[in-house]
Amino acid sequence: MAKKTGELLGRLRGLMKQHGQLSAYIIPSDDPHMSEYVCEKFLRRGFVSGFTGSAGTAIVLHEKALLWTDGRYFLQAEKQMDENWTLMKAFMPGTPTEEEWLSANLHTDEKVGIDPKTCSIEKYKNLKKQLKGVGVELVSVEENLVDLVWDDSPSLPNHQVFLHDVKYAGQTVKDKMELLRKKLKSKQCDAIVLSALDDIAWFYNLRGSDVNYNPVFYSFAIVDKQSSTLFVDKSKLSDTVMGFLEENVTNVKPYNEVYKDVKELSGRVLLPLSTNAAIAQVINEDNQVIGMSLFKK
């Protein structure tokens, strides 16, 4: 049965007017780590549209709402979305991409909003460039508008983080840090921001259960020439895990503090492709080195 979304879309459109007179608001499927699988808190596109497939992008305008997804989900989307939504059959002949549709249907000086934490660096840059070409501005909206209309929005998972023994991991954390710093030096970088959850779990020999069927936990990390900081909810960490991190010269700070701390980074900063645009936006663009993960797992 299709989810009734009329009232929800009305509230969202009201917020679009309040946040800079946005003509369109983009709701991707991504979490702040560009994960393939996400926890319930980040299922915003599904909440707004009713479509619960794993892939897709919603765009809400004042007079219509559009949902792009691929051929695996056409039938599902048609069943789950109500009359307020139009299905855009991605990768089919004649179907424009999200960027193409916005460029063709919006006018000069109109604004498109997106939460930059839900968008990768490269995707954000490409979208901004394409919209700018037709005089449309891409606006970073710090507060996620879907969260503001999702009255019983789930919290981030709070499952315990546990150690992954070195006999299974194959390398100690100290060995990995030494190797990582050598790679940073070879790329003439002073620090790296880690966002991919599997990278972080592997690097610190830790595991979690925040995402179904994935042994990861929600976190960020910054590693520079002298220090290592893990950004994670401390309530997830037992005394044993805290002691392990102290032994490996790693500070622990709250999950969201990464956005403040990256502002303080100096020198050249390596940002893997999994980094969200909100992190990149507070680092001087001249100091950014964007590339693949340095880890071969």
# chains A, B, ... in the order shown; residues from 1 in each chain; ligands from 1
$ closest_atom_pairs --of "range 190-218 of chain A" --to "range 238-260 of chain A" --cutoff "9 Å" --atoms "only C-alpha atoms" --output "Markdown table"
| residue | atom | partner | partner_atom | distance |
| --- | --- | --- | --- | --- |
| A:Tyr204 | CA | A:Leu245 | CA | 8.2 |
| A:Leu206 | CA | A:Val241 | CA | 8.5 |
| A:Tyr218 | CA | A:Tyr255 | CA | 7.8 |
$ select_by_dssp --residues "range 28-261 of chain A" --states "strand (DSSP E or B)" --output "ChimeraX atom specification"
/A:57-61,65-69,81,85-89,111-114,120,137-140,162-163,191-194,206-207,211,214,220-224,228-231,250-253
$ closest_residue --among "A:Lys132, A:Arg72, A:Lys117, A:Lys79" --to "Leu102 in chain A" --atoms "only C-alpha atoms"
A:Lys132
$ closest_residue --among "A:Ser140, A:Thr229, A:Asn205, A:Ser153" --to "Gly20 in chain A" --atoms "only C-alpha atoms"
A:Ser140
$ atom_distance --atom1 "CA of His159 in chain A" --atom2 "CA of Arg44 in chain A"
21.1 Å
$ closest_residue --among "A:Arg13, A:Lys111, A:Arg181, A:Lys125" --to "Leu61 in chain A" --atoms "only C-alpha atoms"
A:Arg13
$ closest_residue --among "A:Leu197, A:Glu36, A:Glu99, A:Ala221" --to "Gly133 in chain A" --atoms "only C-alpha atoms"
A:Glu99
$ closest_residue --among "A:Asn144, A:Ser228, A:Thr97, A:Thr172" --to "Gly113 in chain A" --atoms "only C-alpha atoms"
A:Asn144
$ residues_around --residues "Leu179 in chain A" --least-positions-apart "5" --cutoff "10 Å" --atoms "only C-alpha atoms" --output "list of chain:residue names"
A:Val173, A:Lys174, A:Leu184, A:Lys185, A:Leu294, A:Phe295
